[in-house]
Amino acid sequence: MTMSVADYARECAAQGLRGDYSVCRADFTVAQGYDYSTDEQAVWRTLCDRQTKLTRKLAHHSYLDGVAELGLLDQIPDFGAVSEKLRKLTGWEIVAVPGLIPAAPFFDHLAHRRFPVTNWLRTRQELDYIVEPDMFHDFFGHVPALTQPVFADFMQMYGEKAEDVIALGGDEMITRLYWYTAEYGLMQEAGQPLKAFGAGLMSSFTELQFAVESRDAHHVAFDLETVMRTGYEIDKFQRAYFVLPSFDALRDAFQTADMAGIVGRNKGKPALDLAAV
Ligand SMILES: C[C@H](O)[C@H](O)[C@H]1CNc2nc(N)[nH]c(=O)c2N1
Ligand SMILES: N[C@@H](Cc1ccccc1)C(=O)O
Ligand SMILES: [Fe+2]
């Protein structure tokens, strides 16, 4: 692992990130510490109610199938109980983290079928959008699809491949790929208008609508190498969203990619300007 918890804690504090990294284990996990206030429980229910009305209409069926399977969004999830359920369905579990964690430990968790979920919740002032991942994003956005066997396998493979790419020096490139697919991807669905696929869209009231429905949203056809060259910002609406033809197309692109070639060609080059793609 390239970064120590202490160094990362200093970096996050300097950037104004909200998590308490002082209590992290070496793999960046913490105890969930289930002691949420009644006000936080109310914020959780409000978030779920508002967002479920949107996802019903705008989310890809692969996500909605997961929500149906996972059920129960009426209170802040107990990570232990959810993990028990997931373990039976797909062999995944969720682990608590204090917030954003570095790419290497993040992908190592995925490779071992553990999904990191932040243990704190956004405030009432951030119902529409928050600039860093919180529990609502991590749980509501990412966890439902982990109940689906094909997706569950894909996410583990993602973690494994990512570790290979990081070893080649491509940590920025693999992070962009994750960003523009798992976080902000759009996906086509037979006989349907364009749908949202990425978790960063599922958890934001305003960006979900913008990305899928706004005429100002810039949509670009998915191309793996282009994605891996395209820079991003985590705290603003995305300047472009890549459109995936299907889940199978994503998996195939991933499986057949010549990652060593891509990294070799692009390492050290400046990120692509989104206005140009
Ligand atoms: C891999 C890439 O950096 C990506 O944005 C990861 C990093 N760390 C994370 N950490 C948390 N808690 N949640 C996330 O969604 C991510 N995403
Ligand atoms: N912007 C997302 C949260 C998020 C931040 C950073 C990275 C990924 C997701 C939301 O409002 O829910
Ligand atoms: Fe995320």
# chains A, B, ... in the order shown; residues from 1 in each chain; ligands from 1
call {"tool": "residues_around", "arguments": {"residues": "range 32-35 of chain A", "least_positions_apart": "5", "cutoff": "9 Å", "atoms": "only C-alpha atoms", "output": "PyMOL selection string"}}
result
chain A and resi 76-80+95-98+118-120
call {"tool": "write_last_selection", "arguments": {"atoms": "N, CA and C atoms", "output": "PDB file, in the first residue's frame"}}
result
ATOM      1  N   ILE A  76     -31.418   4.276   8.461  1.00  0.00           N
ATOM      2  CA  ILE A  76     -29.989   4.190   8.159  1.00  0.00           C
ATOM      3  C   ILE A  76     -29.550   2.737   8.301  1.00  0.00           C
ATOM      4  N   PRO A  77     -28.898   2.204   7.263  1.00  0.00           N
ATOM      5  CA  PRO A  77     -28.573   0.781   7.281  1.00  0.00           C
ATOM      6  C   PRO A  77     -27.565   0.407   8.368  1.00  0.00           C
ATOM      7  N   ASP A  78     -27.772  -0.761   8.933  1.00  0.00           N
ATOM      8  CA  ASP A  78     -26.798  -1.372   9.827  1.00  0.00           C
ATOM      9  C   ASP A  78     -25.894  -2.222   8.935  1.00  0.00           C
ATOM     10  N   PHE A  79     -24.615  -1.826   8.826  1.00  0.00           N
ATOM     11  CA  PHE A  79     -23.731  -2.457   7.834  1.00  0.00           C
ATOM     12  C   PHE A  79     -23.584  -3.957   8.076  1.00  0.00           C
ATOM     13  N   GLY A  80     -23.605  -4.364   9.346  1.00  0.00           N
ATOM     14  CA  GLY A  80     -23.474  -5.790   9.654  1.00  0.00           C
ATOM     15  C   GLY A  80     -24.650  -6.583   9.109  1.00  0.00           C
ATOM     16  N   VAL A  95     -17.990  -2.604   4.296  1.00  0.00           N
ATOM     17  CA  VAL A  95     -17.143  -2.213   5.428  1.00  0.00           C
ATOM     18  C   VAL A  95     -17.244  -0.701   5.584  1.00  0.00           C
ATOM     19  N   ALA A  96     -17.155  -0.231   6.832  1.00  0.00           N
ATOM     20  CA  ALA A  96     -17.264   1.204   7.080  1.00  0.00           C
ATOM     21  C   ALA A  96     -15.922   1.892   6.869  1.00  0.00           C
ATOM     22  N   VAL A  97     -15.951   3.079   6.251  1.00  0.00           N
ATOM     23  CA  VAL A  97     -14.763   3.926   6.086  1.00  0.00           C
ATOM     24  C   VAL A  97     -15.141   5.361   6.489  1.00  0.00           C
ATOM     25  N   PRO A  98     -14.120   6.201   6.792  1.00  0.00           N
ATOM     26  CA  PRO A  98     -14.437   7.567   7.257  1.00  0.00           C
ATOM     27  C   PRO A  98     -14.787   8.533   6.132  1.00  0.00           C
ATOM     28  N   THR A 118     -19.041   4.951   3.543  1.00  0.00           N
ATOM     29  CA  THR A 118     -18.779   6.013   4.525  1.00  0.00           C
ATOM     30  C   THR A 118     -19.779   5.916   5.680  1.00  0.00           C
ATOM     31  N   ASN A 119     -19.311   6.167   6.903  1.00  0.00           N
ATOM     32  CA  ASN A 119     -20.191   5.964   8.062  1.00  0.00           C
ATOM     33  C   ASN A 119     -20.905   7.224   8.531  1.00  0.00           C
ATOM     34  N   TRP A 120     -20.777   8.337   7.804  1.00  0.00           N
ATOM     35  CA  TRP A 120     -21.522   9.545   8.202  1.00  0.00           C
ATOM     36  C   TRP A 120     -22.402  10.019   7.048  1.00  0.00           C
TER      37      TRP A 120
END
call {"tool": "residues_near_ligand", "arguments": {"ligand": "ligand 1", "cutoff": "6 Å", "atoms": "only C-alpha atoms and all ligand atoms", "output": "number ranges by chain"}}
result
A: 99-103, 106, 116-118, 133, 175, 179
call {"tool": "write_last_selection", "arguments": {"atoms": "N, CA, C and O atoms", "output": "short mmCIF file (atom, residue, chain, number, x, y, z; two decimals), in the first residue's frame"}}
result
data_model
loop_
_atom_site.label_atom_id
_atom_site.label_comp_id
_atom_site.auth_asym_id
_atom_site.auth_seq_id
_atom_site.Cartn_x
_atom_site.Cartn_y
_atom_site.Cartn_z
N GLY A 99 -14.78 8.07 4.88
CA GLY A 99 -15.03 8.95 3.74
C GLY A 99 -14.18 8.47 2.58
O GLY A 99 -13.82 7.29 2.51
N LEU A 100 -13.84 9.39 1.69
CA LEU A 100 -13.00 9.07 0.54
C LEU A 100 -11.72 8.38 1.00
O LEU A 100 -11.08 8.83 1.95
N ILE A 101 -11.36 7.29 0.36
CA ILE A 101 -10.08 6.62 0.70
C ILE A 101 -9.24 6.54 -0.58
O ILE A 101 -9.77 6.66 -1.68
N PRO A 102 -7.94 6.33 -0.46
CA PRO A 102 -7.08 6.32 -1.66
C PRO A 102 -7.43 5.15 -2.59
O PRO A 102 -8.01 4.15 -2.18
N ALA A 103 -7.04 5.31 -3.85
CA ALA A 103 -7.41 4.33 -4.87
C ALA A 103 -6.91 2.92 -4.56
O ALA A 103 -7.67 1.95 -4.71
N PHE A 106 -8.89 1.20 -1.87
CA PHE A 106 -10.27 1.11 -2.36
C PHE A 106 -10.42 -0.09 -3.30
O PHE A 106 -11.30 -0.95 -3.12
N PRO A 116 -16.49 -0.42 0.38
CA PRO A 116 -16.33 0.59 1.43
C PRO A 116 -17.50 1.58 1.43
O PRO A 116 -17.81 2.17 0.39
N VAL A 117 -18.13 1.75 2.58
CA VAL A 117 -19.25 2.68 2.72
C VAL A 117 -18.92 3.67 3.85
O VAL A 117 -18.57 3.26 4.96
N THR A 118 -19.04 4.95 3.54
CA THR A 118 -18.78 6.01 4.52
C THR A 118 -19.78 5.92 5.68
O THR A 118 -20.96 5.63 5.46
N PRO A 133 -17.98 11.85 -1.12
CA PRO A 133 -18.88 10.72 -0.88
C PRO A 133 -19.28 10.62 0.59
O PRO A 133 -18.44 10.73 1.47
N THR A 175 -8.48 5.15 -12.28
CA THR A 175 -9.43 5.93 -11.48
C THR A 175 -10.42 6.68 -12.37
O THR A 175 -11.61 6.76 -12.08
N TRP A 179 -14.38 6.29 -12.51
CA TRP A 179 -15.16 7.53 -12.37
C TRP A 179 -16.25 7.64 -13.45
O TRP A 179 -17.42 7.87 -13.16
#
call {"tool": "residues_around", "arguments": {"residues": "Glu93 in chain A", "least_positions_apart": "4", "cutoff": "12 Å", "atoms": "only C-alpha atoms", "output": "number ranges by chain"}}
result
A: 78-89, 109-117, 139, 143-144, 146-147, 152, 156
call {"tool": "residues_near_ligand", "arguments": {"ligand": "ligand 2", "cutoff": "7 Å", "atoms": "only C-alpha atoms and all ligand atoms", "output": "PyMOL selection string"}}
result
chain A and resi 128-134+136-137+183+200-201+203-204+234-235
call {"tool": "atom_distance", "arguments": {"atom1": "CA of Phe107 in chain A", "atom2": "CA of Phe242 in chain A"}}
result
21.6 Å
call {"tool": "residues_around", "arguments": {"residues": "range 64-66 of chain A", "least_positions_apart": "5", "cutoff": "12 Å", "atoms": "only C-alpha atoms", "output": "PDB file with N, CA, C and O atoms, in the first residue's frame"}}
result
ATOM      1  N   THR A  52     -35.772   8.088  -4.684  1.00  0.00           N
ATOM      2  CA  THR A  52     -36.426   6.909  -5.260  1.00  0.00           C
ATOM      3  C   THR A  52     -37.437   7.315  -6.331  1.00  0.00           C
ATOM      4  O   THR A  52     -37.593   6.620  -7.343  1.00  0.00           O
ATOM      5  N   LYS A  53     -38.070   8.457  -6.124  1.00  0.00           N
ATOM      6  CA  LYS A  53     -39.019   8.944  -7.143  1.00  0.00           C
ATOM      7  C   LYS A  53     -38.308   9.226  -8.455  1.00  0.00           C
ATOM      8  O   LYS A  53     -38.844   9.003  -9.538  1.00  0.00           O
ATOM      9  N   LEU A  54     -37.082   9.719  -8.371  1.00  0.00           N
ATOM     10  CA  LEU A  54     -36.310  10.020  -9.582  1.00  0.00           C
ATOM     11  C   LEU A  54     -35.728   8.768 -10.223  1.00  0.00           C
ATOM     12  O   LEU A  54     -35.761   8.607 -11.441  1.00  0.00           O
ATOM     13  N   THR A  55     -35.141   7.898  -9.397  1.00  0.00           N
ATOM     14  CA  THR A  55     -34.456   6.732  -9.976  1.00  0.00           C
ATOM     15  C   THR A  55     -35.455   5.822 -10.692  1.00  0.00           C
ATOM     16  O   THR A  55     -35.124   5.231 -11.715  1.00  0.00           O
ATOM     17  N   ARG A  56     -36.663   5.736 -10.152  1.00  0.00           N
ATOM     18  CA  ARG A  56     -37.723   4.939 -10.791  1.00  0.00           C
ATOM     19  C   ARG A  56     -37.837   5.286 -12.271  1.00  0.00           C
ATOM     20  O   ARG A  56     -38.071   4.434 -13.111  1.00  0.00           O
ATOM     21  N   LYS A  57     -37.637   6.554 -12.563  1.00  0.00           N
ATOM     22  CA  LYS A  57     -37.827   7.057 -13.917  1.00  0.00           C
ATOM     23  C   LYS A  57     -36.506   7.109 -14.696  1.00  0.00           C
ATOM     24  O   LYS A  57     -36.473   6.880 -15.894  1.00  0.00           O
ATOM     25  N   LEU A  58     -35.405   7.404 -13.999  1.00  0.00           N
ATOM     26  CA  LEU A  58     -34.171   7.756 -14.710  1.00  0.00           C
ATOM     27  C   LEU A  58     -33.054   6.720 -14.603  1.00  0.00           C
ATOM     28  O   LEU A  58     -32.056   6.817 -15.313  1.00  0.00           O
ATOM     29  N   ALA A  59     -33.212   5.721 -13.702  1.00  0.00           N
ATOM     30  CA  ALA A  59     -32.115   4.767 -13.492  1.00  0.00           C
ATOM     31  C   ALA A  59     -32.260   3.543 -14.388  1.00  0.00           C
ATOM     32  O   ALA A  59     -33.366   3.088 -14.685  1.00  0.00           O
ATOM     33  N   GLY A  71     -34.173  -4.066  -0.831  1.00  0.00           N
ATOM     34  CA  GLY A  71     -35.317  -3.654  -0.018  1.00  0.00           C
ATOM     35  C   GLY A  71     -34.973  -2.643   1.062  1.00  0.00           C
ATOM     36  O   GLY A  71     -33.869  -2.090   1.100  1.00  0.00           O
ATOM     37  N   LEU A  72     -35.943  -2.402   1.944  1.00  0.00           N
ATOM     38  CA  LEU A  72     -35.763  -1.668   3.197  1.00  0.00           C
ATOM     39  C   LEU A  72     -34.846  -0.451   3.151  1.00  0.00           C
ATOM     40  O   LEU A  72     -33.653  -0.550   3.408  1.00  0.00           O
ATOM     41  N   LEU A  86     -26.034  -9.614   1.908  1.00  0.00           N
ATOM     42  CA  LEU A  86     -25.234  -9.626   0.677  1.00  0.00           C
ATOM     43  C   LEU A  86     -24.400 -10.899   0.564  1.00  0.00           C
ATOM     44  O   LEU A  86     -24.249 -11.461  -0.521  1.00  0.00           O
ATOM     45  N   LEU A  89     -26.364 -13.541  -0.908  1.00  0.00           N
ATOM     46  CA  LEU A  89     -26.769 -13.326  -2.298  1.00  0.00           C
ATOM     47  C   LEU A  89     -25.602 -13.443  -3.268  1.00  0.00           C
ATOM     48  O   LEU A  89     -25.691 -14.115  -4.297  1.00  0.00           O
ATOM     49  N   THR A  90     -24.495 -12.754  -2.954  1.00  0.00           N
ATOM     50  CA  THR A  90     -23.387 -12.670  -3.927  1.00  0.00           C
ATOM     51  C   THR A  90     -22.008 -12.808  -3.294  1.00  0.00           C
ATOM     52  O   THR A  90     -21.001 -12.665  -3.989  1.00  0.00           O
ATOM     53  N   PHE A 139     -23.968   4.076  -0.147  1.00  0.00           N
ATOM     54  CA  PHE A 139     -24.937   2.996   0.066  1.00  0.00           C
ATOM     55  C   PHE A 139     -26.046   3.000  -0.991  1.00  0.00           C
ATOM     56  O   PHE A 139     -26.245   2.012  -1.697  1.00  0.00           O
ATOM     57  N   PHE A 140     -26.732   4.102  -1.097  1.00  0.00           N
ATOM     58  CA  PHE A 140     -27.862   4.186  -2.029  1.00  0.00           C
ATOM     59  C   PHE A 140     -27.386   4.077  -3.482  1.00  0.00           C
ATOM     60  O   PHE A 140     -28.054   3.512  -4.335  1.00  0.00           O
ATOM     61  N   GLY A 141     -26.210   4.623  -3.753  1.00  0.00           N
ATOM     62  CA  GLY A 141     -25.695   4.629  -5.113  1.00  0.00           C
ATOM     63  C   GLY A 141     -25.058   3.320  -5.541  1.00  0.00           C
ATOM     64  O   GLY A 141     -25.308   2.838  -6.645  1.00  0.00           O
ATOM     65  N   HIS A 142     -24.217   2.745  -4.679  1.00  0.00           N
ATOM     66  CA  HIS A 142     -23.409   1.587  -5.104  1.00  0.00           C
ATOM     67  C   HIS A 142     -23.943   0.228  -4.659  1.00  0.00           C
ATOM     68  O   HIS A 142     -23.741  -0.766  -5.364  1.00  0.00           O
ATOM     69  N   VAL A 143     -24.522   0.163  -3.460  1.00  0.00           N
ATOM     70  CA  VAL A 143     -24.777  -1.157  -2.873  1.00  0.00           C
ATOM     71  C   VAL A 143     -25.891  -1.963  -3.566  1.00  0.00           C
ATOM     72  O   VAL A 143     -25.757  -3.182  -3.711  1.00  0.00           O
ATOM     73  N   PRO A 144     -26.981  -1.322  -4.034  1.00  0.00           N
ATOM     74  CA  PRO A 144     -28.048  -2.130  -4.639  1.00  0.00           C
ATOM     75  C   PRO A 144     -27.551  -3.088  -5.725  1.00  0.00           C
ATOM     76  O   PRO A 144     -27.909  -4.276  -5.734  1.00  0.00           O
ATOM     77  N   ALA A 145     -26.691  -2.586  -6.633  1.00  0.00           N
ATOM     78  CA  ALA A 145     -26.258  -3.431  -7.750  1.00  0.00           C
ATOM     79  C   ALA A 145     -25.414  -4.623  -7.287  1.00  0.00           C
ATOM     80  O   ALA A 145     -25.298  -5.624  -8.005  1.00  0.00           O
ATOM     81  N   LEU A 146     -24.849  -4.537  -6.075  1.00  0.00           N
ATOM     82  CA  LEU A 146     -24.030  -5.646  -5.567  1.00  0.00           C
ATOM     83  C   LEU A 146     -24.870  -6.880  -5.206  1.00  0.00           C
ATOM     84  O   LEU A 146     -24.319  -7.939  -4.914  1.00  0.00           O
ATOM     85  N   THR A 147     -26.188  -6.747  -5.221  1.00  0.00           N
ATOM     86  CA  THR A 147     -27.057  -7.921  -5.015  1.00  0.00           C
ATOM     87  C   THR A 147     -27.207  -8.731  -6.300  1.00  0.00           C
ATOM     88  O   THR A 147     -27.770  -9.819  -6.274  1.00  0.00           O
ATOM     89  N   GLN A 148     -26.735  -8.176  -7.426  1.00  0.00           N
ATOM     90  CA  GLN A 148     -26.923  -8.823  -8.725  1.00  0.00           C
ATOM     91  C   GLN A 148     -25.651  -9.592  -9.100  1.00  0.00           C
ATOM     92  O   GLN A 148     -24.597  -8.976  -9.273  1.00  0.00           O
ATOM     93  N   PRO A 149     -25.737 -10.914  -9.254  1.00  0.00           N
ATOM     94  CA  PRO A 149     -24.523 -11.718  -9.461  1.00  0.00           C
ATOM     95  C   PRO A 149     -23.592 -11.244 -10.582  1.00  0.00           C
ATOM     96  O   PRO A 149     -22.386 -11.169 -10.357  1.00  0.00           O
ATOM     97  N   VAL A 150     -24.111 -10.880 -11.743  1.00  0.00           N
ATOM     98  CA  VAL A 150     -23.181 -10.473 -12.815  1.00  0.00           C
ATOM     99  C   VAL A 150     -22.454  -9.184 -12.455  1.00  0.00           C
ATOM    100  O   VAL A 150     -21.266  -9.023 -12.742  1.00  0.00           O
ATOM    101  N   PHE A 151     -23.162  -8.272 -11.818  1.00  0.00           N
ATOM    102  CA  PHE A 151     -22.535  -7.018 -11.428  1.00  0.00           C
ATOM    103  C   PHE A 151     -21.553  -7.246 -10.286  1.00  0.00           C
ATOM    104  O   PHE A 151     -20.469  -6.665 -10.257  1.00  0.00           O
ATOM    105  N   ALA A 152     -21.932  -8.097  -9.358  1.00  0.00           N
ATOM    106  CA  ALA A 152     -21.071  -8.414  -8.215  1.00  0.00           C
ATOM    107  C   ALA A 152     -19.736  -8.988  -8.706  1.00  0.00           C
ATOM    108  O   ALA A 152     -18.664  -8.601  -8.214  1.00  0.00           O
ATOM    109  N   LYS A 195     -30.614   6.100 -19.835  1.00  0.00           N
ATOM    110  CA  LYS A 195     -30.746   5.933 -18.380  1.00  0.00           C
ATOM    111  C   LYS A 195     -29.429   6.217 -17.667  1.00  0.00           C
ATOM    112  O   LYS A 195     -28.347   6.116 -18.257  1.00  0.00           O
ATOM    113  N   ALA A 196     -29.534   6.497 -16.376  1.00  0.00           N
ATOM    114  CA  ALA A 196     -28.349   6.665 -15.540  1.00  0.00           C
ATOM    115  C   ALA A 196     -27.875   5.303 -15.059  1.00  0.00           C
ATOM    116  O   ALA A 196     -28.680   4.427 -14.740  1.00  0.00           O
ATOM    117  N   PHE A 197     -26.556   5.133 -15.000  1.00  0.00           N
ATOM    118  CA  PHE A 197     -25.963   3.878 -14.531  1.00  0.00           C
ATOM    119  C   PHE A 197     -25.073   4.099 -13.313  1.00  0.00           C
ATOM    120  O   PHE A 197     -25.059   3.307 -12.386  1.00  0.00           O
ATOM    121  N   ALA A 199     -23.212   5.472  -9.819  1.00  0.00           N
ATOM    122  CA  ALA A 199     -23.675   5.722  -8.454  1.00  0.00           C
ATOM    123  C   ALA A 199     -23.643   7.201  -8.070  1.00  0.00           C
ATOM    124  O   ALA A 199     -24.452   7.654  -7.258  1.00  0.00           O
ATOM    125  N   MET A 202     -26.945   8.392  -9.112  1.00  0.00           N
ATOM    126  CA  MET A 202     -28.057   7.861  -8.309  1.00  0.00           C
ATOM    127  C   MET A 202     -28.253   8.637  -7.013  1.00  0.00           C
ATOM    128  O   MET A 202     -29.365   8.767  -6.521  1.00  0.00           O
TER     129      MET A 202
END
call {"tool": "atom_distance", "arguments": {"atom1": "CA of Leu250 in chain A", "atom2": "CA of Tyr180 in chain A"}}
result
11.4 Å
call {"tool": "closest_residue", "arguments": {"among": "A:Tyr8, A:Trp92, A:Tyr184, A:Tyr158", "to": "ligand 3", "atoms": "only C-alpha atoms and all ligand atoms"}}
result
A:Tyr184
call {"tool": "residues_around", "arguments": {"residues": "Leu168 in chain A", "least_positions_apart": "5", "cutoff": "12 Å", "atoms": "only C-alpha atoms", "output": "mmCIF file with C-alpha atoms, in the first residue's frame"}}
result
data_model
loop_
_atom_site.group_PDB
_atom_site.id
_atom_site.type_symbol
_atom_site.label_atom_id
_atom_site.label_comp_id
_atom_site.auth_asym_id
_atom_site.auth_seq_id
_atom_site.Cartn_x
_atom_site.Cartn_y
_atom_site.Cartn_z
ATOM 1 C CA LYS A 161 -7.708 -5.364 -12.898
ATOM 2 C CA ALA A 162 -7.244 -2.035 -11.175
ATOM 3 C CA GLU A 163 -4.483 -3.472 -9.021
ATOM 4 C CA MET A 173 -6.040 6.235 -15.620
ATOM 5 C CA ILE A 174 -7.854 3.415 -13.832
ATOM 6 C CA ASP A 258 -4.747 -3.954 -23.523
ATOM 7 C CA MET A 259 -4.164 -2.055 -20.288
ATOM 8 C CA ALA A 260 -0.371 -2.217 -20.555
ATOM 9 C CA GLY A 261 -0.546 -0.692 -24.039
ATOM 10 C CA ILE A 262 -2.944 2.040 -22.954
ATOM 11 C CA VAL A 263 -0.877 2.958 -19.918
ATOM 12 C CA GLY A 264 2.339 2.867 -21.960
ATOM 13 C CA ARG A 265 0.902 5.212 -24.600
ATOM 14 C CA ASN A 266 -0.615 7.712 -22.183
ATOM 15 C CA LYS A 267 1.385 7.730 -18.965
#
call {"tool": "select_by_dssp", "arguments": {"residues": "range 81-276 of chain A", "states": "strand (DSSP E or B)", "output": "list of chain:residue names"}}
result
A:Glu93, A:Ile94, A:Val95, A:Ala96, A:Val97, A:Arg114, A:Phe115, A:Pro116, A:Val117, A:Thr118, A:Leu186, A:Met187, A:Lys195, A:Ala196, A:His219, A:Val220, A:Ala221, A:Thr230, A:Tyr241, A:Phe242, A:Val243, A:Leu244, A:Leu272
call {"tool": "select_by_dssp", "arguments": {"residues": "range 18-264 of chain A", "states": "alpha helix (DSSP H)", "output": "PyMOL selection string"}}
result
chain A and resi 38-58+61-70+79-90+103-111+135+149-167+171-178+199-202+205-213+224-229+247-256+259-264
